file structure-v7.txt (compact mmCIF, C-alpha atoms)
# COMPACT_ATOMS: atom_id res chain seq x y z
CA GLY X 1289 -7.77 -15.50 3.83
CA GLU X 1290 -8.92 -11.99 3.07
CA ASN X 1291 -10.01 -10.96 -0.40
CA VAL X 1292 -10.59 -7.29 -1.19
CA GLU X 1293 -12.40 -6.28 -4.35
CA GLN X 1294 -12.56 -2.68 -5.50
CA HIS X 1295 -14.91 -1.08 -8.05
CA PRO X 1296 -14.87 0.60 -10.44
CA SER X 1297 -11.38 0.28 -11.87
CA THR X 1298 -11.75 3.66 -13.58
CA LEU X 1299 -14.10 6.50 -12.70
CA SER X 1300 -14.49 9.69 -14.67
CA VAL X 1301 -16.52 12.54 -13.16
CA GLN X 1302 -17.13 16.18 -13.98
CA GLU X 1303 -15.33 18.67 -11.79
CA GLY X 1304 -17.61 19.62 -8.94
CA ASP X 1305 -19.56 16.37 -8.99
CA SER X 1306 -19.25 13.58 -6.43
CA ALA X 1307 -17.30 10.35 -6.76
CA VAL X 1308 -17.93 7.07 -4.98
CA ILE X 1309 -15.57 4.09 -4.85
CA LYS X 1310 -16.63 0.83 -3.26
CA CYS X 1311 -14.71 -2.06 -1.75
CA THR X 1312 -15.90 -5.41 -0.49
CA TYR X 1313 -13.99 -7.70 1.85
CA SER X 1314 -14.36 -11.31 2.89
CA ASP X 1315 -12.84 -11.60 6.39
CA SER X 1316 -15.61 -10.81 8.87
CA ALA X 1317 -12.97 -10.26 11.56
CA SER X 1318 -11.46 -7.29 9.71
CA ASN X 1319 -11.72 -4.21 11.92
CA TYR X 1320 -9.83 -1.45 10.13
CA PHE X 1321 -10.32 0.00 6.65
CA PRO X 1322 -7.91 2.59 5.26
CA TRP X 1323 -7.98 4.46 1.97
CA TYR X 1324 -4.77 5.53 0.26
CA LYS X 1325 -4.32 8.00 -2.59
CA GLN X 1326 -1.53 7.61 -5.11
CA GLU X 1327 -0.92 10.47 -7.51
CA LEU X 1328 0.86 9.73 -10.77
CA GLY X 1329 4.48 8.83 -10.11
CA LYS X 1330 4.17 9.39 -6.37
CA ARG X 1331 3.90 7.25 -3.29
CA PRO X 1332 0.60 6.06 -1.76
CA GLN X 1333 -0.56 8.22 1.15
CA LEU X 1334 -3.27 7.60 3.70
CA ILE X 1335 -6.21 9.97 3.25
CA ILE X 1336 -8.81 8.53 5.61
CA ASP X 1337 -9.49 5.38 7.60
CA ILE X 1338 -12.35 3.91 9.61
CA ARG X 1339 -12.58 1.38 12.39
CA SER X 1340 -15.27 -1.21 12.71
CA ASN X 1341 -16.95 0.45 15.68
CA VAL X 1342 -18.25 3.36 13.57
CA GLY X 1343 -20.34 3.49 10.43
CA GLU X 1344 -19.12 6.76 8.92
CA LYS X 1345 -16.23 9.16 9.15
CA LYS X 1346 -15.81 12.54 7.45
CA ASP X 1347 -12.86 14.80 6.78
CA GLN X 1348 -13.82 17.90 4.81
CA ARG X 1349 -14.72 16.73 1.29
CA ILE X 1350 -13.98 13.07 1.83
CA ALA X 1351 -15.93 10.50 3.79
CA VAL X 1352 -15.86 6.77 4.30
CA THR X 1353 -18.86 4.60 5.13
CA LEU X 1354 -18.78 1.06 6.47
CA ASN X 1355 -21.44 -1.64 6.30
CA LYS X 1356 -20.15 -4.54 8.40
CA THR X 1357 -23.17 -6.71 7.71
CA ALA X 1358 -22.69 -6.53 3.97
CA LYS X 1359 -18.89 -6.40 4.34
CA HIS X 1360 -18.34 -3.35 2.21
CA PHE X 1361 -16.97 0.14 2.67
CA SER X 1362 -16.99 3.13 0.36
CA LEU X 1363 -15.02 6.30 -0.24
CA HIS X 1364 -17.05 9.41 -1.04
CA ILE X 1365 -15.50 12.55 -2.48
CA THR X 1366 -17.75 15.58 -2.86
CA GLU X 1367 -17.18 18.74 -4.92
CA THR X 1368 -14.37 17.06 -6.81
CA GLN X 1369 -11.39 19.15 -7.89
CA PRO X 1370 -8.59 18.56 -10.41
CA GLU X 1371 -6.18 17.66 -7.62
CA ASP X 1372 -8.41 14.71 -6.72
CA SER X 1373 -7.25 12.95 -9.90
CA ALA X 1374 -5.25 9.93 -8.72
CA VAL X 1375 -5.47 6.21 -8.09
CA TYR X 1376 -7.27 5.33 -4.87
CA PHE X 1377 -6.63 2.07 -3.00
CA CYS X 1378 -8.69 0.49 -0.27
CA ALA X 1379 -7.31 -2.15 2.10
CA ALA X 1380 -8.45 -4.44 4.87
CA PRO X 1381 -6.47 -6.54 7.35
CA THR X 1382 -6.56 -10.30 7.35
CA VAL X 1383 -6.63 -11.82 10.80
CA ASP X 1384 -5.14 -15.06 9.43
CA SER X 1385 -1.85 -13.35 8.59
CA ASN X 1386 -1.41 -11.28 11.72
CA TYR X 1387 -3.44 -8.37 10.34
CA GLN X 1388 -1.48 -7.99 7.14
CA LEU X 1389 -3.23 -5.44 4.92
CA ILE X 1390 -4.75 -6.85 1.75
CA TRP X 1391 -5.05 -4.18 -0.92
CA GLY X 1392 -7.68 -3.58 -3.57
CA ALA X 1393 -6.59 -3.27 -7.19
CA GLY X 1394 -7.16 0.48 -7.23
CA THR X 1395 -9.53 2.95 -8.86
CA LYS X 1396 -8.24 5.54 -11.29
CA LEU X 1397 -10.24 8.71 -10.69
CA ILE X 1398 -10.30 11.20 -13.54
CA ILE X 1399 -11.71 14.68 -12.94
CA LYS X 1400 -12.92 16.27 -16.16
CA PRO X 1401 -12.72 20.08 -16.35
CA GLU Q 468 10.44 14.75 9.96
CA ALA Q 469 12.14 12.95 7.07
CA GLY Q 470 10.04 10.42 5.23
CA VAL Q 471 10.89 6.92 4.09
CA VAL Q 472 13.93 7.00 1.83
CA GLN Q 473 14.56 4.52 -0.96
CA SER Q 474 17.34 4.11 -3.46
CA PRO Q 475 17.86 3.85 -6.29
CA ARG Q 476 14.76 5.48 -7.77
CA TYR Q 477 15.19 3.75 -11.11
CA LYS Q 478 17.08 0.67 -12.18
CA ILE Q 479 17.44 -0.97 -15.58
CA ILE Q 480 19.15 -4.33 -15.75
CA GLU Q 481 19.36 -7.30 -18.05
CA LYS Q 482 17.72 -10.55 -17.05
CA LYS Q 483 19.79 -12.90 -14.93
CA GLN Q 484 21.63 -9.94 -13.35
CA PRO Q 485 21.39 -9.26 -9.61
CA VAL Q 486 19.82 -6.10 -8.21
CA ALA Q 487 19.45 -4.63 -4.75
CA PHE Q 488 17.13 -2.02 -3.27
CA TRP Q 489 17.72 -0.05 -0.09
CA CYS Q 490 15.23 1.45 2.33
CA ASN Q 491 15.64 3.75 5.31
CA PRO Q 492 12.40 3.96 7.33
CA ILE Q 493 11.13 6.86 9.38
CA SER Q 494 13.08 7.14 12.61
CA GLY Q 495 11.43 5.22 15.41
CA HIS Q 496 9.26 3.07 13.14
CA ASN Q 497 9.70 -0.53 14.18
CA THR Q 498 7.70 -2.11 11.36
CA LEU Q 499 9.03 -2.18 7.81
CA TYR Q 500 7.32 -3.53 4.71
CA TRP Q 501 8.51 -4.34 1.22
CA TYR Q 502 5.82 -4.31 -1.47
CA ARG Q 503 5.83 -4.98 -5.19
CA GLN Q 504 3.42 -2.95 -7.29
CA ASN Q 505 2.70 -3.92 -10.87
CA LEU Q 506 1.18 -1.43 -13.27
CA GLY Q 507 -2.51 -0.91 -12.60
CA GLN Q 508 -2.53 -3.02 -9.46
CA GLY Q 509 -2.42 -2.53 -5.73
CA PRO Q 510 0.69 -3.14 -3.60
CA GLU Q 511 1.50 -6.78 -2.95
CA LEU Q 512 3.32 -7.51 0.29
CA LEU Q 513 6.62 -9.33 -0.10
CA ILE Q 514 7.92 -9.22 3.47
CA ARG Q 515 7.19 -7.48 6.75
CA TYR Q 516 9.66 -6.88 9.57
CA GLU Q 517 9.00 -6.18 13.23
CA ASN Q 518 12.32 -4.67 14.29
CA GLU Q 519 14.88 -7.08 12.82
CA GLU Q 520 12.58 -10.10 12.69
CA ALA Q 521 10.80 -11.10 9.48
CA VAL Q 522 7.27 -11.85 10.73
CA ASP Q 523 5.61 -12.40 7.37
CA ASP Q 524 7.54 -13.51 4.28
CA SER Q 525 5.04 -15.99 2.89
CA GLN Q 526 4.79 -14.14 -0.43
CA LEU Q 527 8.51 -13.62 -0.94
CA PRO Q 528 9.80 -15.82 -3.82
CA LYS Q 529 12.63 -17.25 -1.79
CA ASP Q 530 14.38 -18.93 -4.68
CA ARG Q 531 15.49 -15.56 -6.02
CA PHE Q 532 14.49 -12.89 -3.50
CA SER Q 533 16.15 -12.19 -0.18
CA ALA Q 534 15.86 -9.41 2.35
CA GLU Q 535 17.53 -8.31 5.51
CA ARG Q 536 17.05 -5.65 8.15
CA LEU Q 537 20.17 -5.44 10.18
CA LYS Q 538 19.86 -3.73 13.56
CA GLY Q 539 16.17 -3.21 12.95
CA VAL Q 540 16.60 0.00 10.95
CA ASP Q 541 17.64 0.03 7.27
CA SER Q 542 16.62 -2.81 5.00
CA THR Q 543 17.85 -4.27 1.73
CA LEU Q 544 15.84 -6.31 -0.75
CA LYS Q 545 17.78 -8.34 -3.30
CA ILE Q 546 16.82 -10.22 -6.44
CA GLN Q 547 19.25 -12.72 -7.90
CA PRO Q 548 18.91 -13.54 -10.71
CA ALA Q 549 16.31 -11.10 -12.03
CA GLU Q 550 13.66 -12.26 -14.49
CA LEU Q 551 11.60 -10.29 -17.00
CA GLY Q 552 8.52 -10.67 -14.79
CA ASP Q 553 10.25 -8.87 -11.93
CA SER Q 554 9.78 -5.53 -13.68
CA ALA Q 555 7.66 -3.49 -11.26
CA VAL Q 556 7.84 -0.73 -8.68
CA TYR Q 557 9.25 -1.89 -5.35
CA LEU Q 558 7.83 0.10 -2.47
CA CYS Q 559 9.12 0.26 1.06
CA ALA Q 560 6.85 1.40 3.88
CA SER Q 561 7.21 1.80 7.61
CA SER Q 562 4.90 2.20 10.57
CA VAL Q 563 4.96 2.37 14.32
CA ARG Q 564 2.75 0.01 16.28
CA TRP Q 565 1.35 2.17 19.04
CA ARG Q 566 -2.26 1.18 18.88
CA GLU Q 567 -4.25 -1.90 17.93
CA VAL Q 568 -2.44 -4.41 15.78
CA GLY Q 569 -3.08 -3.88 12.09
CA GLN Q 570 -4.38 -0.32 12.47
CA GLU Q 571 -1.19 1.63 12.10
CA THR Q 572 -0.71 4.09 9.24
CA GLN Q 573 1.84 2.95 6.70
CA TYR Q 574 4.17 5.60 5.31
CA PHE Q 575 5.52 4.78 1.90
CA GLY Q 576 8.79 5.63 0.25
CA PRO Q 577 8.95 6.92 -3.35
CA GLY Q 578 9.65 3.42 -4.68
CA THR Q 579 12.24 1.93 -7.00
CA ARG Q 580 11.10 1.40 -10.56
CA LEU Q 581 12.80 -1.74 -11.89
CA LEU Q 582 12.94 -2.62 -15.56
CA VAL Q 583 14.38 -5.99 -16.51
CA LEU Q 584 15.33 -6.32 -20.17
call {"tool": "encode", "arguments": {"input": "structure-v7.txt", "output": "structure tokens"}}
result
Amino acid sequence: GENVEQHPSTLSVQEGDSAVIKCTYSDSASNYFPWYKQELGKRPQLIIDIRSNVGEKKDQRIAVTLNKTAKHFSLHITETQPEDSAVYFCAAPTVDSNYQLIWGAGTKLIIKP
Amino acid sequence: EAGVVQSPRYKIIEKKQPVAFWCNPISGHNTLYWYRQNLGQGPELLIRYENEEAVDDSQLPKDRFSAERLKGVDSTLKIQPAELGDSAVYLCASSVRWREVGQETQYFGPGTRLLVL
């Protein structure tokens, strides 16, 4: 079955700098890779996703890159702001279980003023 | 549009007591998920429904957990009896399958924070 590993578990960056979070997956048949943001005490919300037929997708200050050969995908946040502080989760579907999403353990992003 | 609704938001019970959580998904969403989220971890799927059918309950501890989704809308998750290790946030999510399987956006409810003493 699918295994999704996410690094780092905690990331602290200066406001205005960039942040990068990386996830690796094991199921080569996975074809969809979403990123969710969970602010403290709130529900997870989708912020960006990418399908396996593209290598990169951007939405303003956030971007996701996918390397299917190496089986990893990354979330990039540029010009970080205080409101970016949250826990970020990656996920990938496992074909074995009818495309059930397997979630990473999360990265706590701290934006230092 | 109203989001996913869950109740209660918080629940404190003593071990061996029963507890139930309720979820009302977004209108028109045929897929409903129950997740358990422990502190510092990602969501762990307990059960997934397609309409009223449970299509994936392999990770539901069936000796003490049960769930139902009558009429393919609201859902209830029950724990009986609760154990100390059940303390966690229980999240409900819903989605509508209108494109490729496994690529639908999941919309989460606010969760129920359970503390078992």
call {"tool": "interface_residues", "arguments": {"input": "structure-v7.txt", "of": "chain X", "to": "chain Q", "cutoff": "6 Å", "atoms": "only C-alpha atoms", "output": "compact mmCIF listing (two decimals) with C-alpha atoms, keeping the file's coordinate frame"}}
result
# COMPACT_ATOMS: atom_id res chain seq x y z
CA ARG X 1331 3.90 7.25 -3.29
CA TYR X 1387 -3.44 -8.37 10.34
CA TRP X 1391 -5.05 -4.18 -0.92
CA GLY X 1392 -7.68 -3.58 -3.57
CA ALA X 1393 -6.59 -3.27 -7.19
CA GLY X 1394 -7.16 0.48 -7.23
call {"tool": "atom_distance", "arguments": {"input": "structure-v7.txt", "atom1": "atom CA of Q:Lys482", "atom2": "atom CA of Q:Arg536"}}
result
25.7 Å
call {"tool": "residues_around", "arguments": {"input": "structure-v7.txt", "residues": "Q:Ala534", "least_positions_apart": "4", "cutoff": "12 Å", "atoms": "only C-alpha atoms", "output": "PyMOL selection string"}}
result
chain Q and resi 486-490+499-502+513-516+519-521+523-524+527-530+541-547+559
call {"tool": "write_last_selection", "arguments": {"input": "structure-v7.txt", "atoms": "C-alpha atoms", "output": "PDB file, in the frame of the given file"}}
result
ATOM      1  CA  VAL Q 486      19.820  -6.100  -8.210  1.00  0.00           C
ATOM      2  CA  ALA Q 487      19.450  -4.630  -4.750  1.00  0.00           C
ATOM      3  CA  PHE Q 488      17.130  -2.020  -3.270  1.00  0.00           C
ATOM      4  CA  TRP Q 489      17.720  -0.050  -0.090  1.00  0.00           C
ATOM      5  CA  CYS Q 490      15.230   1.450   2.330  1.00  0.00           C
ATOM      6  CA  LEU Q 499       9.030  -2.180   7.810  1.00  0.00           C
ATOM      7  CA  TYR Q 500       7.320  -3.530   4.710  1.00  0.00           C
ATOM      8  CA  TRP Q 501       8.510  -4.340   1.220  1.00  0.00           C
ATOM      9  CA  TYR Q 502       5.820  -4.310  -1.470  1.00  0.00           C
ATOM     10  CA  LEU Q 513       6.620  -9.330  -0.100  1.00  0.00           C
ATOM     11  CA  ILE Q 514       7.920  -9.220   3.470  1.00  0.00           C
ATOM     12  CA  ARG Q 515       7.190  -7.480   6.750  1.00  0.00           C
ATOM     13  CA  TYR Q 516       9.660  -6.880   9.570  1.00  0.00           C
ATOM     14  CA  GLU Q 519      14.880  -7.080  12.820  1.00  0.00           C
ATOM     15  CA  GLU Q 520      12.580 -10.100  12.690  1.00  0.00           C
ATOM     16  CA  ALA Q 521      10.800 -11.100   9.480  1.00  0.00           C
ATOM     17  CA  ASP Q 523       5.610 -12.400   7.370  1.00  0.00           C
ATOM     18  CA  ASP Q 524       7.540 -13.510   4.280  1.00  0.00           C
ATOM     19  CA  LEU Q 527       8.510 -13.620  -0.940  1.00  0.00           C
ATOM     20  CA  PRO Q 528       9.800 -15.820  -3.820  1.00  0.00           C
ATOM     21  CA  LYS Q 529      12.630 -17.250  -1.790  1.00  0.00           C
ATOM     22  CA  ASP Q 530      14.380 -18.930  -4.680  1.00  0.00           C
ATOM     23  CA  ASP Q 541      17.640   0.030   7.270  1.00  0.00           C
ATOM     24  CA  SER Q 542      16.620  -2.810   5.000  1.00  0.00           C
ATOM     25  CA  THR Q 543      17.850  -4.270   1.730  1.00  0.00           C
ATOM     26  CA  LEU Q 544      15.840  -6.310  -0.750  1.00  0.00           C
ATOM     27  CA  LYS Q 545      17.780  -8.340  -3.300  1.00  0.00           C
ATOM     28  CA  ILE Q 546      16.820 -10.220  -6.440  1.00  0.00           C
ATOM     29  CA  GLN Q 547      19.250 -12.720  -7.900  1.00  0.00           C
ATOM     30  CA  CYS Q 559       9.120   0.260   1.060  1.00  0.00           C
TER      31      CYS Q 559
END
call {"tool": "atom_distance", "arguments": {"input": "structure-v7.txt", "atom1": "atom CA of X:Pro1332", "atom2": "atom CA of Q:Leu506"}}
result
13.7 Å
call {"tool": "atom_distance", "arguments": {"input": "structure-v7.txt", "atom1": "atom CA of X:Lys1346", "atom2": "atom CA of Q:Val471"}}
result
27.5 Å
call {"tool": "closest_residue", "arguments": {"input": "structure-v7.txt", "among": "X:Leu1389, X:Val1308, X:Val1301, X:Ala1317", "to": "X:Lys1356", "atoms": "only C-alpha atoms"}}
result
X:Ala1317
call {"tool": "residues_around", "arguments": {"input": "structure-v7.txt", "residues": "X:Asp1372", "least_positions_apart": "2", "cutoff": "9 Å", "atoms": "all atoms listed in the file", "output": "ChimeraX atom specification"}}
result
/X:1325,1327,1365,1368-1370,1374,1397-1399
call {"tool": "residues_around", "arguments": {"input": "structure-v7.txt", "residues": "stretch 1295-1299 of chain X", "least_positions_apart": "3", "cutoff": "6 Å", "atoms": "only C-alpha atoms", "output": "PyMOL selection string"}}
result
chain X and resi 1310+1395-1397
call {"tool": "axis_aligned_box", "arguments": {"input": "structure-v7.txt", "around": "stretch 1307-1312 of chain X", "padding_each_side": "3 Å", "output": "JSON"}}
result
{"center_x": -16.3, "center_y": 2.5, "center_z": -3.6, "size_x": 9.2, "size_y": 21.8, "size_z": 12.3}
call {"tool": "closest_residue", "arguments": {"input": "structure-v7.txt", "among": "X:Lys1330, X:Val1342, X:Trp1323, X:Ser1306", "to": "X:Asn1355", "atoms": "all atoms listed in the file"}}
result
X:Val1342
call {"tool": "residues_around", "arguments": {"input": "structure-v7.txt", "residues": "X:Ser1314", "least_positions_apart": "5", "cutoff": "9 Å", "atoms": "all atoms listed in the file", "output": "list of chain:residue names"}}
result
X:Gly1289, X:Glu1290, X:Asn1291, X:Val1292, X:Lys1359, X:His1360
call {"tool": "closest_residue", "arguments": {"input": "structure-v7.txt", "among": "Q:Asp553, Q:Arg503, Q:Lys538, Q:Leu582", "to": "Q:Ile480", "atoms": "all atoms listed in the file"}}
result
Q:Leu582
call {"tool": "closest_residue", "arguments": {"input": "structure-v7.txt", "among": "Q:Gln526, Q:Gly470, Q:Val556, Q:Ile493", "to": "X:Gln1388", "atoms": "all atoms listed in the file"}}
result
Q:Gln526
call {"tool": "residues_around", "arguments": {"input": "structure-v7.txt", "residues": "X:Gln1302", "least_positions_apart": "2", "cutoff": "8 Å", "atoms": "all atoms listed in the file", "output": "list in words"}}
result
Ser1300, Gly1304, Asp1305, Thr1368, Ile1399, Lys1400 and Pro1401 of chain X
call {"tool": "residues_near_point", "arguments": {"input": "structure-v7.txt", "point": "(-13.6, -4.8, 8.8)", "cutoff": "10 Å", "atoms": "all atoms listed in the file", "output": "ChimeraX atom specification"}}
result
/X:1312-1322,1338-1341,1354-1357,1359-1361,1379-1382
call {"tool": "closest_residue", "arguments": {"input": "structure-v7.txt", "among": "Q:Leu581, Q:Asn497, Q:Gln473, Q:Asn491", "to": "Q:Ala549", "atoms": "all atoms listed in the file"}}
result
Q:Leu581
call {"tool": "closest_residue", "arguments": {"input": "structure-v7.txt", "among": "Q:Thr498, Q:Gln504, Q:Ser554, Q:Asn518", "to": "Q:Leu584", "atoms": "all atoms listed in the file"}}
result
Q:Ser554
